[in-house]
$ cat final.csv   # CSV, C-alpha atoms
chain,number,residue,atom,x,y,z
A,1,MET,CA,0.0,0.0,0.0
A,2,ARG,CA,2.9,2.4,0.7
A,3,LYS,CA,4.2,1.8,-2.9
A,4,LEU,CA,0.7,2.3,-4.3
A,5,GLY,CA,0.5,5.6,-2.4
A,6,ALA,CA,3.8,6.6,-3.9
A,7,PHE,CA,2.6,5.8,-7.4
A,8,ILE,CA,-0.6,7.8,-6.8
A,9,GLU,CA,1.4,10.8,-5.4
A,10,HIS,CA,3.7,10.6,-8.4
A,11,GLY,CA,0.8,10.6,-10.8
A,12,PHE,CA,-0.9,13.5,-9.0
A,13,ARG,CA,2.3,15.6,-9.0
A,14,LEU,CA,2.9,14.9,-12.7
A,15,ALA,CA,-0.7,15.7,-13.7
A,16,TRP,CA,-0.8,18.9,-11.8
A,17,SER,CA,2.6,20.1,-13.1
A,18,TYR,CA,0.6,20.6,-16.3
A,19,LYS,CA,-2.1,22.8,-14.8
A,20,LEU,CA,-3.6,23.9,-18.1
A,21,ASN,CA,-4.1,20.3,-19.2
A,22,SER,CA,-5.7,19.5,-15.8
A,23,ALA,CA,-8.0,22.5,-15.9
A,24,ALA,CA,-9.0,21.7,-19.5
A,25,ARG,CA,-10.3,18.3,-18.4
A,26,TYR,CA,-12.7,19.9,-16.0
A,27,ILE,CA,-13.7,22.7,-18.3
A,28,SER,CA,-14.4,20.1,-21.1
A,29,SER,CA,-16.8,18.3,-18.7
A,30,ALA,CA,-18.7,21.6,-18.1
A,31,VAL,CA,-18.8,22.5,-21.8
A,32,SER,CA,-20.2,19.0,-22.6
A,33,LEU,CA,-22.9,19.4,-20.0
A,34,THR,CA,-23.9,22.8,-21.5
A,35,PHE,CA,-24.2,21.1,-24.9
A,36,PHE,CA,-26.3,18.3,-23.5
A,37,TYR,CA,-28.6,20.8,-21.7
A,38,PHE,CA,-29.4,22.8,-24.8
A,39,LEU,CA,-29.7,19.7,-26.9
A,40,ASP,CA,-32.3,18.5,-24.4
A,41,GLN,CA,-34.1,21.8,-24.7
A,42,MET,CA,-34.2,21.4,-28.5
A,43,PHE,CA,-35.8,18.0,-28.2
A,44,ARG,CA,-38.3,19.3,-25.7
A,45,ARG,CA,-39.4,21.9,-28.2
A,46,SER,CA,-39.9,19.1,-30.7
A,47,GLY,CA,-42.2,17.3,-28.3
A,48,VAL,CA,-39.7,14.7,-27.0
A,49,THR,CA,-39.6,14.9,-23.2
A,50,VAL,CA,-38.9,11.3,-22.2
A,51,VAL,CA,-36.2,8.9,-23.4
A,52,GLU,CA,-36.2,5.5,-21.7
A,53,GLY,CA,-38.2,6.8,-18.7
A,54,SER,CA,-36.2,10.0,-18.1
A,55,SER,CA,-35.3,13.3,-19.7
A,56,TYR,CA,-33.0,13.2,-22.6
A,57,PHE,CA,-30.6,15.4,-20.6
A,58,SER,CA,-30.3,12.7,-17.9
A,59,PHE,CA,-29.9,10.0,-20.5
A,60,LEU,CA,-27.0,11.9,-22.2
A,61,LEU,CA,-25.5,12.8,-18.8
A,62,ILE,CA,-25.0,9.2,-17.7
A,63,GLY,CA,-24.0,8.1,-21.2
A,64,SER,CA,-21.3,10.9,-21.4
A,65,ALA,CA,-19.9,10.2,-17.9
A,66,MET,CA,-19.6,6.4,-18.6
A,67,SER,CA,-18.1,7.0,-22.1
A,68,ARG,CA,-15.4,9.2,-20.7
A,69,TYR,CA,-14.6,6.5,-18.1
A,70,LEU,CA,-14.5,3.9,-20.9
A,71,ASP,CA,-12.1,6.1,-22.9
A,72,LEU,CA,-9.9,6.8,-19.8
A,73,GLY,CA,-9.8,3.1,-18.8
A,74,MET,CA,-8.8,2.0,-22.3
A,75,ARG,CA,-6.1,4.7,-22.8
A,76,SER,CA,-4.6,5.4,-19.4
A,77,PHE,CA,-2.6,2.2,-19.0
A,78,ALA,CA,-1.1,2.3,-22.5
A,79,GLU,CA,-0.4,6.1,-22.5
A,80,ASN,CA,1.2,6.1,-19.0
A,81,LEU,CA,3.2,3.1,-19.8
A,82,ARG,CA,4.5,4.6,-23.0
A,83,GLU,CA,5.4,7.8,-21.2
A,84,GLU,CA,7.4,5.9,-18.6
A,85,MET,CA,9.1,3.9,-21.3
A,86,LEU,CA,10.1,7.1,-23.1
A,87,ARG,CA,11.4,8.7,-19.9
A,88,GLY,CA,13.5,5.6,-19.1
A,89,THR,CA,11.9,5.2,-15.6
A,90,LEU,CA,10.7,1.7,-16.0
A,91,GLU,CA,14.1,0.0,-16.1
A,92,PRO,CA,15.1,1.3,-12.6
A,93,LEU,CA,11.7,0.3,-11.1
A,94,LEU,CA,12.0,-3.2,-12.5
A,95,THR,CA,15.3,-3.7,-10.7
A,96,THR,CA,13.5,-3.3,-7.4
A,97,ALA,CA,11.5,-5.9,-5.5
A,98,THR,CA,8.2,-4.5,-6.9
A,99,PRO,CA,6.3,-7.0,-8.9
A,100,THR,CA,6.5,-6.4,-12.7
A,101,ALA,CA,2.8,-6.1,-13.3
A,102,TYR,CA,2.6,-3.6,-10.4
A,103,VAL,CA,5.3,-1.4,-12.0
A,104,LEU,CA,3.5,-1.5,-15.3
A,105,LEU,CA,0.0,-0.8,-14.2
A,106,ALA,CA,0.2,1.2,-11.0
A,107,PRO,CA,1.4,4.5,-12.6
A,108,SER,CA,-2.2,4.8,-14.1
A,109,VAL,CA,-4.0,4.6,-10.8
A,110,TRP,CA,-4.0,8.4,-10.3
A,111,ALA,CA,-5.6,8.8,-13.8
A,112,LEU,CA,-8.4,6.4,-12.8
A,113,ILE,CA,-8.9,8.2,-9.5
A,114,GLU,CA,-9.2,11.6,-11.2
A,115,GLY,CA,-11.5,10.0,-13.8
A,116,THR,CA,-13.8,8.9,-11.0
A,117,VAL,CA,-13.8,12.4,-9.6
A,118,LEU,CA,-14.6,13.8,-13.0
A,119,VAL,CA,-17.6,11.5,-13.3
A,120,PHE,CA,-19.0,12.6,-9.9
A,121,VAL,CA,-18.3,16.3,-10.8
A,122,GLN,CA,-20.2,15.8,-14.1
A,123,LEU,CA,-23.1,14.0,-12.3
A,124,GLY,CA,-23.2,16.7,-9.6
A,125,LEU,CA,-23.3,19.6,-12.1
A,126,GLY,CA,-25.9,17.7,-14.1
A,127,ALA,CA,-28.1,17.5,-11.0
A,128,LEU,CA,-27.9,21.3,-10.6
A,129,LEU,CA,-29.0,21.7,-14.2
A,130,GLY,CA,-32.0,19.5,-13.8
A,131,ALA,CA,-31.1,15.8,-13.9
A,132,ASP,CA,-33.3,14.0,-11.5
A,133,PHE,CA,-31.6,11.3,-9.3
A,134,GLY,CA,-34.4,11.4,-6.7
A,135,GLN,CA,-35.3,7.7,-7.3
A,136,ALA,CA,-31.7,6.5,-7.5
A,137,ASN,CA,-30.8,3.2,-6.0
A,138,TRP,CA,-27.2,4.1,-5.1
A,139,MET,CA,-26.2,0.6,-3.8
A,140,ALA,CA,-27.2,-0.9,-7.1
A,141,ALA,CA,-25.5,1.9,-9.0
A,142,ILE,CA,-22.2,1.3,-7.1
A,143,THR,CA,-22.4,-2.5,-7.7
A,144,ILE,CA,-23.0,-2.0,-11.4
A,145,SER,CA,-20.2,0.6,-11.5
A,146,LEU,CA,-17.7,-1.8,-9.9
A,147,LEU,CA,-18.6,-4.6,-12.3
A,148,SER,CA,-18.4,-2.2,-15.2
A,149,ILE,CA,-15.0,-0.9,-14.2
A,150,ALA,CA,-13.5,-4.4,-13.8
A,151,CYS,CA,-14.9,-5.4,-17.2
A,152,LEU,CA,-13.9,-2.2,-19.1
A,153,LEU,CA,-10.4,-2.0,-17.6
A,154,SER,CA,-9.7,-5.3,-19.3
A,155,TYR,CA,-9.4,-3.4,-22.5
A,156,GLY,CA,-6.9,-1.1,-20.9
A,157,ILE,CA,-4.7,-4.0,-19.8
A,158,LEU,CA,-4.9,-5.5,-23.2
A,159,SER,CA,-3.8,-2.1,-24.7
A,160,ALA,CA,-0.9,-2.0,-22.2
A,161,ALA,CA,0.2,-5.5,-23.4
A,162,PHE,CA,0.1,-4.3,-27.0
A,163,THR,CA,2.1,-1.2,-26.1
A,164,LEU,CA,4.8,-3.3,-24.4
A,165,VAL,CA,5.3,-5.5,-27.4
A,166,PHE,CA,4.9,-3.0,-30.3
A,167,LYS,CA,6.2,0.1,-28.5
A,168,ARG,CA,3.3,2.3,-29.8
A,169,SER,CA,-0.3,3.1,-29.1
A,170,ASP,CA,-2.9,0.4,-29.6
A,171,PRO,CA,-5.1,1.1,-32.7
A,172,LEU,CA,-7.8,-1.2,-31.3
A,173,ASN,CA,-8.5,1.5,-28.7
A,174,TRP,CA,-9.9,3.9,-31.3
A,175,LEU,CA,-11.9,1.1,-33.0
A,176,ILE,CA,-13.4,-0.2,-29.8
A,177,GLY,CA,-14.1,3.3,-28.6
A,178,SER,CA,-15.9,4.3,-31.8
A,179,ILE,CA,-18.0,1.2,-31.8
A,180,ALA,CA,-19.0,1.7,-28.2
A,181,TYR,CA,-20.0,5.3,-28.9
A,182,VAL,CA,-22.2,4.4,-31.8
A,183,PHE,CA,-23.6,1.0,-30.7
A,184,GLY,CA,-23.4,1.3,-26.9
A,185,GLY,CA,-26.3,3.7,-26.4
A,186,VAL,CA,-24.3,6.8,-25.4
A,187,TYR,CA,-26.4,9.3,-27.4
A,188,PHE,CA,-29.5,7.3,-28.3
A,189,PRO,CA,-31.3,4.1,-27.1
A,190,VAL,CA,-30.0,1.0,-28.8
A,191,THR,CA,-33.6,0.0,-29.4
A,192,ILE,CA,-33.9,2.4,-32.3
A,193,LEU,CA,-31.2,0.5,-34.2
A,194,PRO,CA,-32.3,-2.0,-36.9
A,195,PRO,CA,-32.3,-5.6,-35.5
A,196,ALA,CA,-29.2,-6.5,-37.5
A,197,LEU,CA,-27.2,-3.7,-35.9
A,198,ARG,CA,-28.7,-4.1,-32.5
A,199,VAL,CA,-26.9,-7.5,-32.3
A,200,VAL,CA,-23.6,-5.5,-32.3
A,201,SER,CA,-24.9,-3.5,-29.3
A,202,TYR,CA,-25.6,-6.6,-27.3
A,203,LEU,CA,-22.1,-8.0,-27.9
A,204,LEU,CA,-20.6,-5.0,-26.1
A,205,PRO,CA,-20.2,-4.9,-22.3
A,206,PHE,CA,-20.5,-1.1,-22.4
A,207,THR,CA,-24.2,-1.5,-23.5
A,208,TYR,CA,-25.1,-3.4,-20.3
A,209,ALA,CA,-23.0,-1.0,-18.2
A,210,LEU,CA,-25.0,1.9,-19.4
A,211,GLN,CA,-28.4,0.2,-19.2
A,212,GLY,CA,-27.6,-0.9,-15.6
A,213,LEU,CA,-26.5,2.6,-14.5
A,214,ARG,CA,-29.4,4.3,-16.1
A,215,GLY,CA,-31.8,1.8,-14.5
A,216,ALA,CA,-30.3,2.3,-11.1
A,217,LEU,CA,-29.8,6.1,-11.2
A,218,LEU,CA,-32.9,7.2,-13.1
A,219,ARG,CA,-35.5,4.6,-12.3
A,220,GLY,CA,-34.3,3.2,-9.0
A,221,SER,CA,-34.1,-0.4,-10.3
A,222,SER,CA,-32.7,-3.1,-8.0
A,223,LEU,CA,-30.1,-5.7,-8.8
A,224,PRO,CA,-32.7,-8.5,-9.2
A,225,GLU,CA,-34.6,-6.2,-11.6
A,226,MET,CA,-31.4,-5.7,-13.6
A,227,ARG,CA,-30.2,-9.4,-13.5
A,228,THR,CA,-29.7,-9.4,-17.3
A,229,GLU,CA,-27.2,-6.5,-17.1
A,230,VAL,CA,-25.5,-7.9,-14.0
A,231,LEU,CA,-25.1,-11.4,-15.4
A,232,ALA,CA,-23.9,-10.0,-18.7
A,233,LEU,CA,-21.2,-7.9,-17.0
A,234,VAL,CA,-20.1,-10.8,-14.8
A,235,ALA,CA,-19.8,-13.0,-17.9
A,236,PHE,CA,-17.8,-10.4,-19.9
A,237,THR,CA,-15.5,-9.9,-16.9
A,238,ALA,CA,-15.0,-13.6,-16.4
A,239,VAL,CA,-13.8,-13.8,-20.0
A,240,LEU,CA,-12.0,-10.5,-20.7
A,241,LEU,CA,-10.1,-10.0,-17.4
A,242,PRO,CA,-8.3,-13.3,-17.4
A,243,LEU,CA,-7.5,-12.8,-21.1
A,244,ALA,CA,-6.1,-9.4,-20.4
A,245,LEU,CA,-3.9,-10.5,-17.5
A,246,TRP,CA,-2.7,-13.5,-19.6
A,247,SER,CA,-1.8,-11.2,-22.5
A,248,LEU,CA,0.1,-8.9,-20.1
A,249,ARG,CA,2.0,-11.9,-18.7
A,250,LEU,CA,2.9,-13.0,-22.2
A,251,ALA,CA,4.1,-9.5,-23.0
A,252,ILE,CA,6.2,-9.3,-19.9
A,253,ARG,CA,7.7,-12.8,-20.5
A,254,ARG,CA,8.6,-11.7,-24.1
A,255,LEU,CA,10.3,-8.5,-22.8
A,256,LYS,CA,12.3,-10.5,-20.2
A,257,ARG,CA,13.5,-12.9,-22.9
A,258,THR,CA,14.4,-10.3,-25.6
A,259,GLY,CA,15.4,-7.4,-23.3
A,260,GLU,CA,13.6,-4.9,-25.6
A,261,LEU,CA,12.1,-2.7,-22.8
A,262,ALA,CA,14.7,0.0,-23.3
A,263,HIS,CA,14.2,0.1,-27.1
A,264,HIS,CA,11.5,2.5,-28.2

$ encode --input "final.csv" --output "structure tokens"
Amino acid sequence: MRKLGAFIEHGFRLAWSYKLNSAARYISSAVSLTFFYFLDQMFRRSGVTVVEGSSYFSFLLIGSAMSRYLDLGMRSFAENLREEMLRGTLEPLLTTATPTAYVLLAPSVWALIEGTVLVFVQLGLGALLGADFGQANWMAAITISLLSIACLLSYGILSAAFTLVFKRSDPLNWLIGSIAYVFGGVYFPVTILPPALRVVSYLLPFTYALQGLRGALLRGSSLPEMRTEVLALVAFTAVLLPLALWSLRLAIRRLKRTGELAHH
């Protein structure tokens, strides 16, 4: 835990040494909320006041917050890992008694903490602008969130393994992110998609994460009522997380055999 604290402090100091970048992340969240608010107003004037049992603003708010977290979880491991490789700081750390996987993944913990803070900031500002969480089932929302994080971070670990082997960013991040934005229900319900395309939506864990969070936060649904989403997230996690960790072990074993860590 002391080492984890040191990694978190390192990430915090590094992030806040670039104050403009840090401020831009929070400003971007506020600008997105403003856009969603006026988009909701436009839909209201067109006669659309309810989307999946809530306002369109609330629908967009949760979709945006989770999509940002998806993007962060997929990119943070690979980007931080590549930065550490370019700085030459990984080699000294790997000579210590710290486990290899810990050295490779722990530098991203601060980014995940800050991402969580940004999600709460966005939800809080959204509540001030009219999003209604009066019926929210917070325990169910937390449970769904934890399952979603465990599942979605698998993509980030897979991306980190790719970065270790090929020494460059993972192109799959952009592909998976784009597919999730279009077919995951971020901006519109997946039920409006044609049946053939709806199949793609239901093959994405992000779809079930969003449906579960919206059900818990906007309609107060309990876990038994969302058993489809819970079981789907558990199944995806049971497959993706071991696959991601196995890929990372293979990447580490290859680096130890070839000694390519210092070659960028």

$ atom_distance --input "final.csv" --atom1 "CA of Val51 in chain A" --atom2 "CA of Ala235 in chain A"
27.9 Å

$ atom_distance --input "final.csv" --atom1 "CA of Ala111 in chain A" --atom2 "CA of Gly11 in chain A"
7.3 Å

$ atom_distance --input "final.csv" --atom1 "CA of Glu83 in chain A" --atom2 "CA of Phe206 in chain A"
27.4 Å

$ residues_around --input "final.csv" --residues "range 62-73 of chain A" --least-positions-apart "2" --cutoff "6 Å" --atoms "all atoms listed in the file" --output "list in words"
Phe59, Leu60, Arg75, Ser76, Val119, Leu153, Gly156 and Val186 of chain A

$ residues_around --input "final.csv" --residues "His10 in chain A" --least-positions-apart "3" --cutoff "12 Å" --atoms "all atoms listed in the file" --output "list in words"
Lys3, Leu4, Gly5, Ala6, Phe7, Arg13, Leu14, Ala15, Trp16, Ser17, Asn80, Glu84, Ala106, Pro107, Ser108, Val109, Trp110 and Ala111 of chain A

$ closest_residue --input "final.csv" --among "A:Leu164, A:Val190, A:Leu147, A:Leu125" --to "Leu81 in chain A" --atoms "all atoms listed in the file"
A:Leu164

$ residues_around --input "final.csv" --residues "Phe57 in chain A" --least-positions-apart "6" --cutoff "12 Å" --atoms "only C-alpha atoms" --output "MDAnalysis selection string"
chainID A and resid 32:44 48:51 63:64 123 125:132 186:188 218

$ residues_around --input "final.csv" --residues "Glu229 in chain A" --least-positions-apart "3" --cutoff "8 Å" --atoms "all atoms listed in the file" --output "list in words"
Tyr208, Ala209, Gln211, Gly212, Met226, Ala232 and Leu233 of chain A

$ residues_near_point --input "final.csv" --point "(-0.5, -6.5, -19.6)" --cutoff "12 Å" --atoms "all atoms listed in the file" --output "PyMOL selection string"
chain A and resi 77-78+81+100-106+153-165+241-255

$ residues_around --input "final.csv" --residues "Leu203 in chain A" --least-positions-apart "2" --cutoff "10 Å" --atoms "all atoms listed in the file" --output "list in words"
Phe183, Gly184, Arg198, Val199, Val200, Ser201, Pro205, Phe206, Thr207, Tyr208, Ala232 and Phe236 of chain A

$ closest_residue --input "final.csv" --among "A:Glu225, A:Leu118, A:Gly177, A:Gly220" --to "Ala24 in chain A" --atoms "all atoms listed in the file"
A:Leu118

$ closest_residue --input "final.csv" --among "A:Leu93, A:Leu213, A:Leu193, A:Ile8" --to "Ser145 in chain A" --atoms "only C-alpha atoms"
A:Leu213

$ decode --input "final.csv" --residues "range 146-239 of chain A" --atoms "C-alpha atoms" --output "short mmCIF file (atom, residue, chain, number, x, y, z; two decimals), in the first residue's frame"
data_model
loop_
_atom_site.label_atom_id
_atom_site.label_comp_id
_atom_site.auth_asym_id
_atom_site.auth_seq_id
_atom_site.Cartn_x
_atom_site.Cartn_y
_atom_site.Cartn_z
CA LEU A 146 -17.69 -1.77 -9.93
CA LEU A 147 -18.63 -4.59 -12.30
CA SER A 148 -18.39 -2.21 -15.25
CA ILE A 149 -14.97 -0.88 -14.20
CA ALA A 150 -13.55 -4.39 -13.75
CA CYS A 151 -14.85 -5.36 -17.18
CA LEU A 152 -13.91 -2.20 -19.10
CA LEU A 153 -10.41 -1.97 -17.60
CA SER A 154 -9.68 -5.30 -19.26
CA TYR A 155 -9.44 -3.39 -22.53
CA GLY A 156 -6.91 -1.05 -20.94
CA ILE A 157 -4.72 -3.95 -19.76
CA LEU A 158 -4.89 -5.51 -23.24
CA SER A 159 -3.82 -2.15 -24.66
CA ALA A 160 -0.90 -2.00 -22.23
CA ALA A 161 0.25 -5.46 -23.37
CA PHE A 162 0.08 -4.28 -26.99
CA THR A 163 2.15 -1.19 -26.12
CA LEU A 164 4.80 -3.29 -24.38
CA VAL A 165 5.25 -5.53 -27.39
CA PHE A 166 4.94 -3.04 -30.26
CA LYS A 167 6.18 0.13 -28.49
CA ARG A 168 3.34 2.27 -29.84
CA SER A 169 -0.28 3.10 -29.07
CA ASP A 170 -2.89 0.42 -29.58
CA PRO A 171 -5.07 1.12 -32.67
CA LEU A 172 -7.76 -1.16 -31.26
CA ASN A 173 -8.53 1.53 -28.67
CA TRP A 174 -9.90 3.86 -31.31
CA LEU A 175 -11.86 1.10 -33.02
CA ILE A 176 -13.44 -0.22 -29.81
CA GLY A 177 -14.13 3.31 -28.58
CA SER A 178 -15.85 4.29 -31.82
CA ILE A 179 -17.98 1.15 -31.85
CA ALA A 180 -19.00 1.70 -28.22
CA TYR A 181 -19.99 5.33 -28.89
CA VAL A 182 -22.21 4.37 -31.83
CA PHE A 183 -23.63 1.03 -30.70
CA GLY A 184 -23.37 1.27 -26.90
CA GLY A 185 -26.29 3.65 -26.37
CA VAL A 186 -24.33 6.77 -25.39
CA TYR A 187 -26.39 9.28 -27.39
CA PHE A 188 -29.50 7.32 -28.33
CA PRO A 189 -31.26 4.14 -27.14
CA VAL A 190 -30.01 0.99 -28.84
CA THR A 191 -33.64 -0.01 -29.39
CA ILE A 192 -33.90 2.44 -32.31
CA LEU A 193 -31.23 0.53 -34.23
CA PRO A 194 -32.28 -2.00 -36.88
CA PRO A 195 -32.30 -5.57 -35.51
CA ALA A 196 -29.17 -6.53 -37.48
CA LEU A 197 -27.18 -3.66 -35.95
CA ARG A 198 -28.71 -4.14 -32.52
CA VAL A 199 -26.85 -7.46 -32.35
CA VAL A 200 -23.58 -5.50 -32.27
CA SER A 201 -24.86 -3.49 -29.29
CA TYR A 202 -25.60 -6.59 -27.27
CA LEU A 203 -22.12 -7.96 -27.92
CA LEU A 204 -20.61 -4.96 -26.08
CA PRO A 205 -20.22 -4.91 -22.28
CA PHE A 206 -20.53 -1.12 -22.43
CA THR A 207 -24.19 -1.47 -23.49
CA TYR A 208 -25.06 -3.42 -20.34
CA ALA A 209 -23.04 -1.04 -18.16
CA LEU A 210 -25.02 1.94 -19.44
CA GLN A 211 -28.36 0.19 -19.22
CA GLY A 212 -27.63 -0.87 -15.64
CA LEU A 213 -26.47 2.57 -14.51
CA ARG A 214 -29.42 4.33 -16.10
CA GLY A 215 -31.80 1.85 -14.53
CA ALA A 216 -30.26 2.29 -11.06
CA LEU A 217 -29.80 6.08 -11.16
CA LEU A 218 -32.88 7.21 -13.07
CA ARG A 219 -35.52 4.58 -12.28
CA GLY A 220 -34.28 3.17 -8.97
CA SER A 221 -34.05 -0.38 -10.32
CA SER A 222 -32.73 -3.05 -7.96
CA LEU A 223 -30.10 -5.65 -8.82
CA PRO A 224 -32.67 -8.47 -9.21
CA GLU A 225 -34.58 -6.25 -11.64
CA MET A 226 -31.35 -5.75 -13.61
CA ARG A 227 -30.22 -9.36 -13.52
CA THR A 228 -29.69 -9.41 -17.30
CA GLU A 229 -27.20 -6.52 -17.09
CA VAL A 230 -25.51 -7.94 -13.97
CA LEU A 231 -25.11 -11.43 -15.42
CA ALA A 232 -23.85 -10.02 -18.74
CA LEU A 233 -21.20 -7.89 -17.00
CA VAL A 234 -20.11 -10.81 -14.82
CA ALA A 235 -19.82 -13.05 -17.90
CA PHE A 236 -17.84 -10.45 -19.89
CA THR A 237 -15.52 -9.86 -16.92
CA ALA A 238 -14.98 -13.59 -16.41
CA VAL A 239 -13.76 -13.84 -20.02
#
